[in-house]
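A.B. asks: Dropping in run17.pdb, with PDB, C-alpha atoms.
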ATOM      1  CA  MET A   1      95.924-116.781  36.965
ATOM      2  CA  LEU A   2      95.978-117.917  33.349
ATOM      3  CA  ILE A   3      97.758-116.080  30.544
ATOM      4  CA  ASN A   4      96.198-116.670  27.137
ATOM      5  CA  LEU A   5      98.921-117.570  24.630
ATOM      6  CA  SER A   6      96.763-117.592  21.460
ATOM      7  CA  ASP A   7      97.600-113.995  20.449
ATOM      8  CA  ILE A   8     101.351-114.488  20.620
ATOM      9  CA  LEU A   9     101.128-117.896  18.901
ATOM     10  CA  SER A  10      99.461-116.284  15.899
ATOM     11  CA  LYS A  11     102.426-113.959  15.157
ATOM     12  CA  GLU A  12     105.929-115.383  14.601
ATOM     13  CA  GLY A  13     108.702-113.290  16.148
ATOM     14  CA  GLU A  14     106.223-111.533  18.461
ATOM     15  CA  THR A  15     107.389-110.706  21.984
ATOM     16  CA  GLN A  16     104.979-110.004  24.811
ATOM     17  CA  ARG A  17     105.726-108.722  28.290
ATOM     18  CA  VAL A  18     103.261-109.599  31.020
ATOM     19  CA  GLU A  19     103.129-108.887  34.732
ATOM     20  CA  ALA A  20     101.033-111.361  36.705
ATOM     21  CA  MET A  21     100.152-111.461  40.394
ATOM     22  CA  VAL A  22     100.300-114.755  42.259
ATOM     23  CA  ASP A  23      96.995-115.635  43.944
ATOM     24  CA  MET A  24      98.569-118.302  46.172
ATOM     25  CA  GLU A  25      97.852-117.734  49.896
ATOM     26  CA  ASN A  26      99.443-121.012  51.088
ATOM     27  CA  PHE A  27     102.056-123.304  49.620
ATOM     28  CA  THR A  28     101.011-126.915  50.201
ATOM     29  CA  SER A  29     103.185-129.904  49.359
ATOM     30  CA  ARG A  30     104.290-133.174  50.939
ATOM     31  CA  LEU A  31     106.493-131.043  53.190
ATOM     32  CA  GLY A  32     103.444-129.402  54.777
ATOM     33  CA  ASN A  33     101.377-126.236  54.503
ATOM     34  CA  PHE A  34     103.262-122.930  54.550
ATOM     35  CA  PRO A  35     101.544-119.512  54.609
ATOM     36  CA  VAL A  36     102.583-116.977  51.981
ATOM     37  CA  GLN A  37     103.642-113.837  53.819
ATOM     38  CA  LYS A  38     104.615-111.699  50.823
ATOM     39  CA  LYS A  39     104.631-112.044  47.050
ATOM     40  CA  THR A  40     105.891-109.931  44.190
ATOM     41  CA  PRO A  41     104.402-109.892  40.703
ATOM     42  CA  VAL A  42     105.931-112.342  38.255
ATOM     43  CA  HIS A  43     107.405-110.565  35.227
ATOM     44  CA  PHE A  44     107.169-112.626  32.037
ATOM     45  CA  THR A  45     108.721-112.176  28.623
ATOM     46  CA  ILE A  46     107.094-114.531  26.128
ATOM     47  CA  GLN A  47     108.571-114.773  22.645
ATOM     48  CA  ASN A  48     107.233-116.700  19.652
ATOM     49  CA  LYS A  49     110.332-118.292  18.111
ATOM     50  CA  GLY A  50     108.371-119.672  15.147
ATOM     51  CA  LYS A  51     106.782-123.060  14.387
ATOM     52  CA  LYS A  52     104.661-122.766  17.571
ATOM     53  CA  VAL A  53     107.708-122.759  19.867
ATOM     54  CA  LEU A  54     107.585-120.267  22.737
ATOM     55  CA  GLN A  55     110.472-118.961  24.821
ATOM     56  CA  ILE A  56     109.143-118.078  28.294
ATOM     57  CA  ASN A  57     111.384-116.121  30.674
ATOM     58  CA  GLY A  58     110.322-114.814  34.050
ATOM     59  CA  GLU A  59     111.277-113.774  37.527
ATOM     60  CA  GLY A  60     109.603-113.086  40.843
ATOM     61  CA  SER A  61     109.692-113.957  44.512
ATOM     62  CA  VAL A  62     107.525-115.362  47.269
ATOM     63  CA  THR A  63     108.130-115.154  51.028
ATOM     64  CA  LEU A  64     106.891-118.169  52.976
ATOM     65  CA  LEU A  65     106.732-118.811  56.709
ATOM     66  CA  ILE A  66     108.801-121.982  57.187
ATOM     67  CA  PRO A  67     109.551-123.534  60.604
ATOM     68  CA  CYS A  68     113.138-123.301  61.865
ATOM     69  CA  GLY A  69     114.928-126.635  61.548
ATOM     70  CA  ARG A  70     115.962-126.528  65.224
ATOM     71  CA  CYS A  71     113.384-124.631  67.308
ATOM     72  CA  LEU A  72     110.320-124.795  64.997
ATOM     73  CA  SER A  73     109.675-121.020  65.169
ATOM     74  CA  ASP A  74     108.222-119.585  61.954
ATOM     75  CA  VAL A  75     110.901-117.946  59.818
ATOM     76  CA  PRO A  76     110.081-115.686  56.838
ATOM     77  CA  GLU A  77     112.059-117.214  53.955
ATOM     78  CA  GLU A  78     112.181-115.397  50.625
ATOM     79  CA  ILE A  79     112.294-117.711  47.631
ATOM     80  CA  VAL A  80     113.522-115.839  44.566
ATOM     81  CA  PHE A  81     113.125-117.500  41.198
ATOM     82  CA  ALA A  82     114.148-116.790  37.636
ATOM     83  CA  PHE A  83     113.410-119.201  34.825
ATOM     84  CA  GLU A  84     113.824-119.795  31.110
ATOM     85  CA  ARG A  85     111.588-122.335  29.417
ATOM     86  CA  GLU A  86     111.146-123.354  25.817
ATOM     87  CA  VAL A  87     107.749-124.882  25.094
ATOM     88  CA  ASP A  88     106.738-126.629  21.881
ATOM     89  CA  MET A  89     103.022-125.874  21.621
ATOM     90  CA  LYS A  90     102.598-128.436  18.805
ATOM     91  CA  GLN A  91     103.063-131.294  21.258
ATOM     92  CA  SER A  92     100.043-132.835  22.930
ATOM     93  CA  GLU A  93      99.957-133.417  26.656
ATOM     94  CA  GLU A  94     100.667-137.132  26.105
ATOM     95  CA  GLU A  95     103.696-136.324  23.925
ATOM     96  CA  ARG A  96     105.089-133.999  26.600
ATOM     97  CA  ILE A  97     104.767-136.746  29.210
ATOM     98  CA  LYS A  98     106.437-139.240  26.881
ATOM     99  CA  ASP A  99     109.339-136.808  26.241
ATOM    100  CA  LEU A 100     109.617-136.179  30.013
ATOM    101  CA  ASP A 101     108.808-132.521  29.393
ATOM    102  CA  GLU A 102     107.582-131.251  32.741
ATOM    103  CA  SER A 103     105.576-128.329  31.424
ATOM    104  CA  ASN A 104     102.459-128.998  33.500
ATOM    105  CA  TYR A 105     101.988-125.226  33.603
ATOM    106  CA  ILE A 106     100.681-125.217  30.006
ATOM    107  CA  THR A 107      96.964-126.013  29.922
ATOM    108  CA  GLY A 108      95.483-125.958  26.450
ATOM    109  CA  GLY A 109      96.498-122.563  25.051
ATOM    110  CA  ASN A 110      97.097-120.979  28.456
ATOM    111  CA  LEU A 111     100.034-120.482  30.783
ATOM    112  CA  ASP A 112      99.066-121.335  34.379
ATOM    113  CA  VAL A 113     101.031-118.831  36.500
ATOM    114  CA  GLU A 114     100.144-120.526  39.810
ATOM    115  CA  GLN A 115     101.445-123.921  38.653
ATOM    116  CA  LEU A 116     104.641-122.398  37.258
ATOM    117  CA  VAL A 117     105.303-120.537  40.539
ATOM    118  CA  TYR A 118     104.510-123.716  42.511
ATOM    119  CA  ASN A 119     107.110-125.622  40.466
ATOM    120  CA  GLU A 120     109.694-122.866  40.959
ATOM    121  CA  ILE A 121     109.151-122.876  44.740
ATOM    122  CA  LEU A 122     109.751-126.637  44.785
ATOM    123  CA  ILE A 123     112.918-126.273  42.702
ATOM    124  CA  ASN A 124     114.271-123.450  44.877
ATOM    125  CA  TRP A 125     113.204-124.873  48.254
ATOM    126  CA  PRO A 126     115.904-124.188  50.891
ATOM    127  CA  LEU A 127     117.810-127.189  52.233
ATOM    128  CA  ARG A 128     117.677-125.925  55.804
ATOM    129  CA  VAL A 129     115.957-122.972  57.428
ATOM    130  CA  LEU A 130     117.266-121.553  60.697
ATOM    131  CA  CYS A 131     115.871-118.597  62.649
ATOM    132  CA  LYS A 132     119.485-117.621  63.423
ATOM    133  CA  ASP A 133     122.860-119.281  62.962
ATOM    134  CA  ASP A 134     123.290-120.019  66.674
ATOM    135  CA  CYS A 135     119.747-121.317  67.263
ATOM    136  CA  LYS A 136     119.733-123.505  70.385
ATOM    137  CA  GLY A 137     116.745-125.590  69.298
ATOM    138  CA  ILE A 138     114.233-127.206  71.631
ATOM    139  CA  CYS A 139     114.743-129.373  74.721
ATOM    140  CA  SER A 140     114.472-133.039  73.807
ATOM    141  CA  HIS A 141     112.658-133.744  77.092
ATOM    142  CA  CYS A 142     110.139-130.935  77.650
ATOM    143  CA  GLY A 143     110.046-129.257  74.207
ATOM    144  CA  LYS A 144     110.826-125.735  75.446
ATOM    145  CA  ASN A 145     112.412-123.344  72.955
ATOM    146  CA  LEU A 146     115.932-122.940  74.394
ATOM    147  CA  ASN A 147     116.372-119.577  72.631
ATOM    148  CA  GLN A 148     113.909-118.176  75.187
ATOM    149  CA  GLY A 149     115.963-119.415  78.115
ATOM    150  CA  PRO A 150     117.035-122.659  79.757
ATOM    151  CA  CYS A 151     114.553-125.263  80.929
ATOM    152  CA  ASP A 152     114.494-127.109  84.256
ATOM    153  CA  CYS A 153     115.296-130.511  82.757
ATOM    154  CA  LYS A 154     118.277-132.460  84.051
ATOM    155  CA  VAL A 155     120.904-132.486  81.293
ATOM    156  CA  GLU A 156     123.495-135.226  81.138
ATOM    157  CA  ASN A 157     126.082-134.964  78.406
ATOM    158  CA  LEU A 158     126.967-138.625  78.135
ATOM    159  CA  ASP A 159     128.619-140.266  75.216
ATOM    160  CA  PRO A 160     125.854-142.376  73.587
ATOM    161  CA  ARG A 161     128.325-145.250  73.223
ATOM    162  CA  MET A 162     128.506-145.384  77.018
ATOM    163  CA  ALA A 163     124.725-145.591  77.530
ATOM    164  CA  VAL A 164     124.819-149.316  78.341
ATOM    165  CA  ILE A 165     127.419-148.786  81.052
ATOM    166  CA  SER A 166     125.392-145.869  82.395
ATOM    167  CA  ASP A 167     122.372-148.154  82.721
ATOM    168  CA  ILE A 168     124.466-150.657  84.757
ATOM    169  CA  PHE A 169     125.619-147.928  87.151
ATOM    170  CA  SER A 170     122.090-146.566  87.580
ATOM    171  CA  LYS A 171     120.890-150.078  88.591
ATOM    172  CA  PHE A 172     123.609-150.208  91.298
ATOM    173  CA  LYS A 173     122.466-146.818  92.646
ATOM    174  CA  GLU A 174     118.952-148.190  93.103
ATOM    175  CA  VAL A 175     120.212-151.063  95.325
TER     176      VAL A 175
END
Translate this file's structure into C-alpha cells.

C.D. replies:
Amino acid sequence: MLINLSDILSKEGETQRVEAMVDMENFTSRLGNFPVQKKTPVHFTIQNKGKKVLQINGEGSVTLLIPCGRCLSDVPEEIVFAFEREVDMKQSEEERIKDLDESNYITGGNLDVEQLVYNEILINWPLRVLCKDDCKGICSHCGKNLNQGPCDCKVENLDPRMAVISDIFSKFKEV
C-alpha cells in the first residue's frame, strides 16, 4: 500500500493520521520464507515540520510462523513495532544513499507501507524462537521431535573430548 504524501507536503505544520493495512502474506528474507498468521493495521501520524521535512511516527504488529530453534515446529511469534522517522523530502534518492539514509520506503512522493513494515520486521527480528522454554529439540540421529516422546536411538552421553579413546575401545570390541 502506498500513502500519497503530496497533500501533507503542501501545508506546513499539517498533521495527518492514517491507518493502513499490511498486504504482506509472507515475509521473505535471507532467513527464509515465513507465513504471516495475523496482522494489525499500522497507525501513522505524519507531520509536516516545514521545509519539506516530514516526521513519520507509527506502530503496528505482525504475527509470523517461525520455526522453533530446537525442534523446528512452527511457532506464532508476534513482532510489535513502533517507529519515529524524520524524512527530508528535498533529498534525491542518490543523496539519501550518499548520506546513508535508509529510507527506502519513500518512493517519489509516496510512503511504501509494505517496505516500511518489512524493514521494521528485520529490525525487530527475535534472536531465538522456542516453542517452549524446556523444548527437548530433535534427535540428532533420526530427527524425531523429542517433545512428542523418546525415540528408539541408542544414546551415549560421552564427553566429546574422549571420542578418540572411545574409538580405540570400540575397535577392541570388534576383535

A.B. asks: Using all atoms listed in the file, find each residue in range 96-139 of chain A having at least one atom no more than 12 Å away from range 43-65 of chain A; report its shortest atom-to-atom pair and that distance in Å (one decimal), rows by chain then rising number, as JSON lines.

C.D. replies:
{"residue": "A:Ser103", "atom": "CA", "partner": "A:Ile56", "partner_atom": "CA", "distance": 11.3}
{"residue": "A:Tyr105", "atom": "CA", "partner": "A:Ile56", "partner_atom": "CA", "distance": 11.4}
{"residue": "A:Ile106", "atom": "CA", "partner": "A:Leu54", "partner_atom": "CA", "distance": 11.2}
{"residue": "A:Gly109", "atom": "CA", "partner": "A:Lys52", "partner_atom": "CA", "distance": 11.1}
{"residue": "A:Asn110", "atom": "CA", "partner": "A:Leu54", "partner_atom": "CA", "distance": 12.0}
{"residue": "A:Leu111", "atom": "CA", "partner": "A:Ile56", "partner_atom": "CA", "distance": 9.7}
{"residue": "A:Val113", "atom": "CA", "partner": "A:Phe44", "partner_atom": "CA", "distance": 9.8}
{"residue": "A:Glu114", "atom": "CA", "partner": "A:Val62", "partner_atom": "CA", "distance": 11.7}
{"residue": "A:Leu116", "atom": "CA", "partner": "A:Gly58", "partner_atom": "CA", "distance": 10.0}
{"residue": "A:Val117", "atom": "CA", "partner": "A:Gly60", "partner_atom": "CA", "distance": 8.6}
{"residue": "A:Tyr118", "atom": "CA", "partner": "A:Val62", "partner_atom": "CA", "distance": 10.1}
{"residue": "A:Glu120", "atom": "CA", "partner": "A:Ser61", "partner_atom": "CA", "distance": 9.6}
{"residue": "A:Ile121", "atom": "CA", "partner": "A:Val62", "partner_atom": "CA", "distance": 8.1}
{"residue": "A:Leu122", "atom": "CA", "partner": "A:Val62", "partner_atom": "CA", "distance": 11.8}
{"residue": "A:Asn124", "atom": "CA", "partner": "A:Ser61", "partner_atom": "CA", "distance": 10.5}
{"residue": "A:Trp125", "atom": "CA", "partner": "A:Leu64", "partner_atom": "CA", "distance": 10.3}
{"residue": "A:Pro126", "atom": "CA", "partner": "A:Leu64", "partner_atom": "CA", "distance": 11.0}
{"residue": "A:Val129", "atom": "CA", "partner": "A:Leu65", "partner_atom": "CA", "distance": 10.1}
{"residue": "A:Leu130", "atom": "CA", "partner": "A:Leu65", "partner_atom": "CA", "distance": 11.6}
{"residue": "A:Cys131", "atom": "CA", "partner": "A:Leu65", "partner_atom": "CA", "distance": 10.9}

A.B. asks: Hey, can you pull every residue with an atom no more than 9 Å from (110.8, -131.0, 80.9), using all atoms listed in the file, and send it as a list in words?

C.D. replies: Cys139, Ser140, His141, Cys142, Gly143, Lys144, Cys151, Asp152, Cys153 and Lys154 of chain A

A.B. asks: From the set A:Lys38, A:Gly108, A:Ile66, A:Leu9, which residue has the shortest atom-to-atom contact distance to Val80 in chain A, counting only C-alpha atoms?

C.D. replies: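 Among A:Lys38, A:Gly108, A:Ile66, A:Leu9, it is A:Lys38 that comes nearest to Val80 in chain A.
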
A.B. asks: Counting all atoms listed in the file, which of A:Ala82, A:Cys68, A:Phe34, A:Gln115 gets nearest to Val22 in chain A?

C.D. replies: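 That would be A:Gln115, the residue with the smallest distance to Val22 in chain A.
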
A.B. asks: Between A:Leu146, A:Ala20, A:Met89, A:Val36, single out the one closest to Val75 in chain A, counting all atoms listed in the file.

C.D. replies: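 Of the candidates, the smallest distance to Val75 in chain A is held by A:Val36.
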
A.B. asks: CA of Gly69 in chain A and CA of Arg128 in chain A, how far apart in Å?

C.D. replies: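 So the two atoms, CA of Arg128 in chain A and CA of Gly69 in chain A, lie 6.4 Å apart.
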
A.B. asks: Can you work out the spacing between CA of Val87 in chain A and CA of Thr107 in chain A in Å, to one decimal?

C.D. replies: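 Result for CA of Val87 in chain A versus CA of Thr107 in chain A: 11.9 Å, one decimal.
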
A.B. asks: Need the shell around Asn147 in chain A: protein/DNA/RNA residues with any atom at most 7 Å away, counting all atoms listed in the file. Skip same-chain ones fewer than 6 positions apart. Format as a list in words?

C.D. replies: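 Selected residues are Cys135, Lys136 and Gly137 of chain A.
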
A.B. asks: What is the distance between CA of Glu25 in chain A and CA of Asp7 in chain A, in Å to one decimal?

C.D. replies: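 These atoms are spaced 29.7 Å apart.
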
A.B. asks: Which is closer to Phe83 in chain A than all the others in A:Asn104, A:Asn119, A:Phe27, A:Arg70, using only C-alpha atoms?

C.D. replies: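 Of the candidates, the smallest distance to Phe83 in chain A is held by A:Asn119.
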